[in-house]
$ cat my_file_2.json   # JSON, C-alpha atoms
[["chain", "number", "residue", "atom", "x", "y", "z"],
["N", 104, "MET", "CA", 34.68, -4.28, 3.01],
["N", 105, "PRO", "CA", 33.03, -5.46, 6.22],
["N", 106, "VAL", "CA", 29.42, -6.03, 7.03],
["N", 107, "HIS", "CA", 28.69, -5.87, 10.75],
["N", 108, "TYR", "CA", 25.66, -7.11, 12.65],
["N", 109, "TYR", "CA", 24.49, -5.58, 15.94],
["N", 110, "THR", "CA", 21.43, -5.57, 18.16],
["N", 111, "GLU", "CA", 19.79, -2.77, 20.13],
["N", 112, "GLU", "CA", 16.95, -3.36, 22.56],
["N", 113, "CYS", "CA", 16.28, -6.89, 21.28],
["N", 114, "ARG", "CA", 17.83, -10.35, 21.27],
["N", 115, "TYR", "CA", 17.62, -11.16, 17.56],
["N", 116, "ARG", "CA", 20.50, -13.08, 15.99],
["N", 117, "LEU", "CA", 20.65, -13.33, 12.22],
["N", 118, "PRO", "CA", 21.61, -16.88, 11.20],
["N", 119, "GLU", "CA", 24.28, -17.57, 8.57],
["N", 120, "LYS", "CA", 26.03, -14.23, 8.88],
["N", 121, "ARG", "CA", 29.00, -15.25, 6.72],
["N", 122, "ARG", "CA", 26.76, -16.48, 3.94],
["N", 123, "THR", "CA", 24.62, -13.35, 4.24],
["N", 124, "THR", "CA", 27.71, -11.15, 3.99],
["N", 125, "ALA", "CA", 28.92, -12.99, 0.86],
["N", 126, "TRP", "CA", 25.43, -12.66, -0.65],
["N", 127, "LEU", "CA", 25.33, -8.93, 0.07],
["N", 128, "HIS", "CA", 28.74, -8.47, -1.57],
["N", 129, "ARG", "CA", 27.42, -10.24, -4.70],
["N", 130, "VAL", "CA", 24.28, -8.07, -4.73],
["N", 131, "ALA", "CA", 26.36, -4.89, -4.41],
["N", 132, "GLU", "CA", 28.61, -6.05, -7.28],
["N", 133, "ALA", "CA", 25.60, -6.82, -9.47],
["N", 134, "GLU", "CA", 24.33, -3.30, -8.82],
["N", 135, "GLY", "CA", 27.74, -1.89, -9.84],
["N", 136, "TYR", "CA", 29.11, -1.14, -6.37],
["N", 137, "ARG", "CA", 31.60, -2.37, -3.80],
["N", 138, "LEU", "CA", 30.73, -2.68, -0.13],
["N", 139, "GLU", "CA", 32.79, -0.47, 2.14],
["N", 140, "THR", "CA", 31.22, -0.70, 5.61],
["N", 141, "VAL", "CA", 27.59, -1.57, 6.18],
["N", 142, "ASN", "CA", 26.19, -1.99, 9.68],
["N", 143, "TYR", "CA", 22.96, -3.89, 10.21],
["N", 144, "ILE", "CA", 21.38, -3.03, 13.55],
["N", 145, "PHE", "CA", 18.48, -5.23, 14.61],
["N", 146, "CYS", "CA", 16.26, -3.44, 17.11],
["N", 147, "SER", "CA", 12.86, -3.25, 18.78],
["N", 148, "ALA", "CA", 9.76, -1.64, 17.32],
["N", 149, "ALA", "CA", 9.90, 1.07, 19.99],
["N", 150, "ARG", "CA", 13.49, 1.93, 19.06],
["N", 151, "LEU", "CA", 12.79, 2.22, 15.34],
["N", 152, "LEU", "CA", 9.58, 4.18, 15.94],
["N", 153, "GLU", "CA", 11.57, 6.68, 18.01],
["N", 154, "MET", "CA", 14.16, 6.95, 15.22],
["N", 155, "ASN", "CA", 11.43, 7.33, 12.60],
["N", 156, "ARG", "CA", 9.94, 10.22, 14.58],
["N", 157, "ARG", "CA", 13.27, 11.87, 15.38],
["N", 158, "PHE", "CA", 15.10, 11.61, 12.08],
["N", 159, "LEU", "CA", 12.34, 11.37, 9.47],
["N", 160, "GLY", "CA", 9.41, 13.12, 11.15],
["N", 161, "HIS", "CA", 7.18, 10.04, 10.62],
["N", 162, "ASP", "CA", 4.91, 8.84, 13.40],
["N", 163, "TYR", "CA", 4.45, 5.21, 12.39],
["N", 164, "PHE", "CA", 6.15, 1.83, 12.63],
["N", 165, "THR", "CA", 8.40, 0.71, 9.79],
["N", 166, "ASP", "CA", 10.52, -2.35, 9.24],
["N", 167, "VAL", "CA", 13.71, -0.60, 8.09],
["N", 168, "ILE", "CA", 15.44, 2.76, 8.13],
["N", 169, "THR", "CA", 18.63, 3.23, 6.14],
["N", 170, "PHE", "CA", 21.23, 5.91, 6.80],
["N", 171, "ASP", "CA", 23.28, 6.20, 3.62],
["N", 172, "TYR", "CA", 26.95, 7.27, 3.68],
["N", 173, "SER", "CA", 27.79, 5.81, 0.26],
["N", 174, "ASP", "CA", 29.96, 7.29, -2.47],
["N", 175, "ARG", "CA", 27.96, 6.09, -5.46],
["N", 176, "LYS", "CA", 29.30, 8.65, -7.94],
["N", 177, "GLY", "CA", 33.02, 8.65, -7.07],
["N", 178, "ALA", "CA", 34.47, 5.44, -5.70],
["N", 179, "ARG", "CA", 31.15, 3.58, -6.20],
["N", 180, "THR", "CA", 31.30, 2.25, -2.66],
["N", 181, "LEU", "CA", 28.41, 1.51, -0.33],
["N", 182, "ALA", "CA", 28.44, 2.49, 3.32],
["N", 183, "GLY", "CA", 25.67, 3.00, 5.82],
["N", 184, "ASP", "CA", 23.66, 1.93, 8.81],
["N", 185, "VAL", "CA", 20.58, -0.21, 8.25],
["N", 186, "PHE", "CA", 18.26, -0.35, 11.26],
["N", 187, "ILE", "CA", 15.74, -3.21, 11.17],
["N", 188, "ASP", "CA", 12.74, -3.57, 13.49],
["N", 189, "VAL", "CA", 12.57, -7.31, 14.16],
["N", 190, "GLU", "CA", 9.02, -7.09, 15.56],
["N", 191, "THR", "CA", 7.58, -5.41, 12.48],
["N", 192, "VAL", "CA", 9.45, -7.86, 10.24],
["N", 193, "ALA", "CA", 7.79, -10.73, 12.15],
["N", 194, "ASP", "CA", 4.37, -9.05, 11.84],
["N", 195, "ASN", "CA", 4.90, -8.54, 8.09],
["N", 196, "ALA", "CA", 5.96, -12.17, 7.67],
["N", 197, "ARG", "CA", 2.61, -13.25, 9.12],
["N", 198, "LEU", "CA", 0.73, -10.68, 7.03],
["N", 199, "TYR", "CA", 2.41, -11.73, 3.75],
["N", 200, "GLY", "CA", 2.50, -15.48, 4.47],
["N", 201, "ALA", "CA", 6.29, -15.58, 4.53],
["N", 202, "THR", "CA", 8.64, -17.16, 7.02],
["N", 203, "ARG", "CA", 10.24, -14.79, 9.51],
["N", 204, "LEU", "CA", 13.69, -15.55, 8.15],
["N", 205, "GLY", "CA", 12.56, -15.12, 4.55],
["N", 206, "GLU", "CA", 11.02, -11.75, 5.37],
["N", 207, "MET", "CA", 14.16, -10.76, 7.28],
["N", 208, "ARG", "CA", 16.32, -11.56, 4.25],
["N", 209, "ARG", "CA", 13.99, -9.43, 2.10],
["N", 210, "VAL", "CA", 14.40, -6.49, 4.48],
["N", 211, "VAL", "CA", 18.18, -6.98, 4.69],
["N", 212, "VAL", "CA", 18.54, -6.81, 0.89],
["N", 213, "HIS", "CA", 15.97, -3.98, 0.77],
["N", 214, "GLY", "CA", 18.25, -1.89, 2.98],
["N", 215, "LEU", "CA", 21.24, -2.64, 0.77],
["N", 216, "LEU", "CA", 19.26, -1.67, -2.33],
["N", 217, "HIS", "CA", 18.50, 1.68, -0.70],
["N", 218, "LEU", "CA", 22.26, 2.15, -0.27],
["N", 219, "CYS", "CA", 22.57, 1.42, -4.00],
["N", 220, "GLY", "CA", 20.21, 4.34, -4.62],
["N", 221, "GLN", "CA", 17.02, 2.36, -5.25],
["N", 222, "LYS", "CA", 13.94, 4.29, -4.17],
["N", 223, "ASP", "CA", 10.50, 2.89, -3.29],
["N", 224, "LYS", "CA", 8.16, 5.83, -2.64],
["N", 225, "THR", "CA", 6.23, 5.83, -5.93],
["N", 226, "PRO", "CA", 4.31, 2.90, -7.43],
["N", 227, "ARG", "CA", 6.93, 2.58, -10.20],
["N", 228, "THR", "CA", 9.98, 2.67, -7.91],
["N", 229, "ASN", "CA", 8.25, 0.39, -5.40],
["N", 230, "ALA", "CA", 7.64, -2.18, -8.15],
["N", 231, "GLN", "CA", 11.30, -1.89, -9.22],
["N", 232, "MET", "CA", 12.39, -2.46, -5.61],
["N", 233, "HIS", "CA", 10.23, -5.58, -5.29],
["N", 234, "ARG", "CA", 11.53, -7.01, -8.57],
["N", 235, "LYS", "CA", 15.12, -6.52, -7.40],
["N", 236, "GLU", "CA", 14.35, -8.02, -3.99],
["N", 237, "ASP", "CA", 12.83, -11.09, -5.66],
["N", 238, "LYS", "CA", 15.79, -11.43, -8.02],
["N", 239, "TYR", "CA", 18.36, -11.28, -5.24],
["N", 240, "LEU", "CA", 16.36, -13.48, -2.88],
["N", 241, "ALA", "CA", 16.42, -16.14, -5.61],
["N", 242, "TRP", "CA", 20.21, -15.89, -5.53],
["N", 243, "TRP", "CA", 20.16, -16.98, -1.89],
["N", 244, "GLU", "CA", 19.12, -20.45, -3.05],
["N", 245, "GLU", "CA", 21.46, -20.59, -6.06],
["N", 246, "PRO", "CA", 25.20, -21.22, -6.23],
["N", 247, "ALA", "CA", 27.29, -18.08, -6.65],
["N", 248, "ASP", "CA", 28.33, -18.99, -10.21],
["N", 249, "ASN", "CA", 24.69, -18.60, -11.34],
["N", 250, "ASP", "CA", 24.36, -15.05, -10.02],
["N", 251, "THR", "CA", 24.94, -13.36, -13.36],
["N", 252, "GLU", "CA", 22.11, -15.34, -14.94],
["N", 253, "ALA", "CA", 19.44, -14.34, -12.42]]
$ encode --input "my_file_2.json" --output "C-alpha cells"
Amino acid sequence: MPVHYYTEECRYRLPEKRRTTAWLHRVAEAEGYRLETVNYIFCSAARLLEMNRRFLGHDYFTDVITFDYSDRKGARTLAGDVFIDVETVADNARLYGATRLGEMRRVVVHGLLHLCGQKDKTPRTNAQMHRKEDKYLAWWEEPADNDTEA
C-alpha cells in the first residue's frame, strides 16, 4: 500500500510526506478504495507539456496528468502515476490567491480523486471534483477521528 514521491527535471520536495501518505490513505478509504501503489512524480512545466502532447494530444500546460492502473471494480484498489508540474501549481497558487503548499495539496488530492474515477471535464463533474477537494483538504487540518464527519 505504498505511496512514493519522486522528482523529474525539478528540485521540488513535498513536505510532510508521511502525513500526506496517511491522509491519502484516508481519502481513498472514504471513497471506498484501498491504495495499492501510487507514485507522485513532481516535474517541470516543460516535462509535463511534453507528456501532455505525447500521451493526450494536448498542446497546453497543465498542473497534473494521472495515469490510472486501478482495479476499481474488482479488488477496489488504486494504483497509478500522478505527474505534477510544480511550476504551473505555483502559477495557479498566485492566480487563485492560495499558498503554494495549499495548492500543491489540492493537486495531490485531485490526482488521487482521478484514480478513484472522479472526472472533471464537464461543469457538473468539475464542481463535484472541487467539492471533494475542499472536503478532503479540510481533513488535512482535522484529526483523523473526525474524517467520517467531514
$ closest_residue --input "my_file_2.json" --among "N:Arg137, N:His128, N:Arg179, N:Arg209" --to "N:Val167" --atoms "only C-alpha atoms"
N:Arg209
$ closest_residue --input "my_file_2.json" --among "N:Val185, N:Tyr172, N:Phe145, N:His161" --to "N:Leu117" --atoms "all atoms listed in the file"
N:Phe145
$ atom_distance --input "my_file_2.json" --atom1 "atom CA of N:Asp237" --atom2 "atom CA of N:Gly214"
13.7 Å
$ closest_residue --input "my_file_2.json" --among "N:Tyr136, N:Tyr109, N:Tyr115, N:Trp243" --to "N:Arg175" --atoms "only C-alpha atoms"
N:Tyr136
$ atom_distance --input "my_file_2.json" --atom1 "atom CA of N:Lys235" --atom2 "atom CA of N:Gln221"
9.3 Å
$ closest_residue --input "my_file_2.json" --among "N:Glu153, N:Glu236, N:Asp174, N:Asp162" --to "N:Phe186" --atoms "all atoms listed in the file"
N:Glu153
$ atom_distance --input "my_file_2.json" --atom1 "atom CA of N:Leu127" --atom2 "atom CA of N:Ser147"
23.2 Å
$ closest_residue --input "my_file_2.json" --among "N:Arg114, N:Leu215, N:Arg122, N:Asn142" --to "N:Met232" --atoms "all atoms listed in the file"
N:Leu215
$ residues_around --input "my_file_2.json" --residues "N:Asn195" --least-positions-apart "5" --cutoff "10 Å" --atoms "all atoms listed in the file" --output "compact mmCIF listing (two decimals) with C-alpha atoms, in the coordinates of the input"
# COMPACT_ATOMS: atom_id res chain seq x y z
CA ASP N 166 10.52 -2.35 9.24
CA VAL N 189 12.57 -7.31 14.16
CA GLU N 190 9.02 -7.09 15.56
CA GLY N 200 2.50 -15.48 4.47
CA ALA N 201 6.29 -15.58 4.53
CA THR N 202 8.64 -17.16 7.02
CA ARG N 203 10.24 -14.79 9.51
CA GLU N 206 11.02 -11.75 5.37
CA MET N 207 14.16 -10.76 7.28
$ residues_around --input "my_file_2.json" --residues "N:Thr165" --least-positions-apart "6" --cutoff "12 Å" --atoms "only C-alpha atoms" --output "PyMOL selection string"
chain N and resi 146-156+159+186-195+210
$ residues_around --input "my_file_2.json" --residues "N:Val130" --least-positions-apart "6" --cutoff "12 Å" --atoms "all atoms listed in the file" --output "list of chain:residue names"
N:Thr123, N:Thr124, N:Tyr136, N:Arg137, N:Leu138, N:Leu181, N:Val211, N:Val212, N:His213, N:Gly214, N:Leu215, N:Leu216, N:Leu218, N:Cys219, N:Lys235, N:Glu236, N:Asp237, N:Lys238, N:Tyr239, N:Leu240, N:Ala241, N:Trp242, N:Trp243, N:Ala247, N:Asp250, N:Thr251, N:Ala253
$ closest_residue --input "my_file_2.json" --among "N:Gly160, N:Lys224, N:Pro105, N:Tyr199" --to "N:Ala125" --atoms "only C-alpha atoms"
N:Pro105
$ axis_aligned_box --input "my_file_2.json" --around "stretch 143-149 of chain N" --padding-each-side "3 Å" --output "AutoDock Vina command-line options"
--center_x 16.4 --center_y -2.1 --center_z 15.1 --size_x 19.2 --size_y 12.3 --size_z 15.8
$ residues_near_point --input "my_file_2.json" --point "(26.9, -5.5, 8.1)" --cutoff "7 Å" --atoms "only C-alpha atoms" --output "list of chain:residue names"
N:Pro105, N:Val106, N:His107, N:Tyr108, N:Thr140, N:Val141, N:Asn142, N:Tyr143
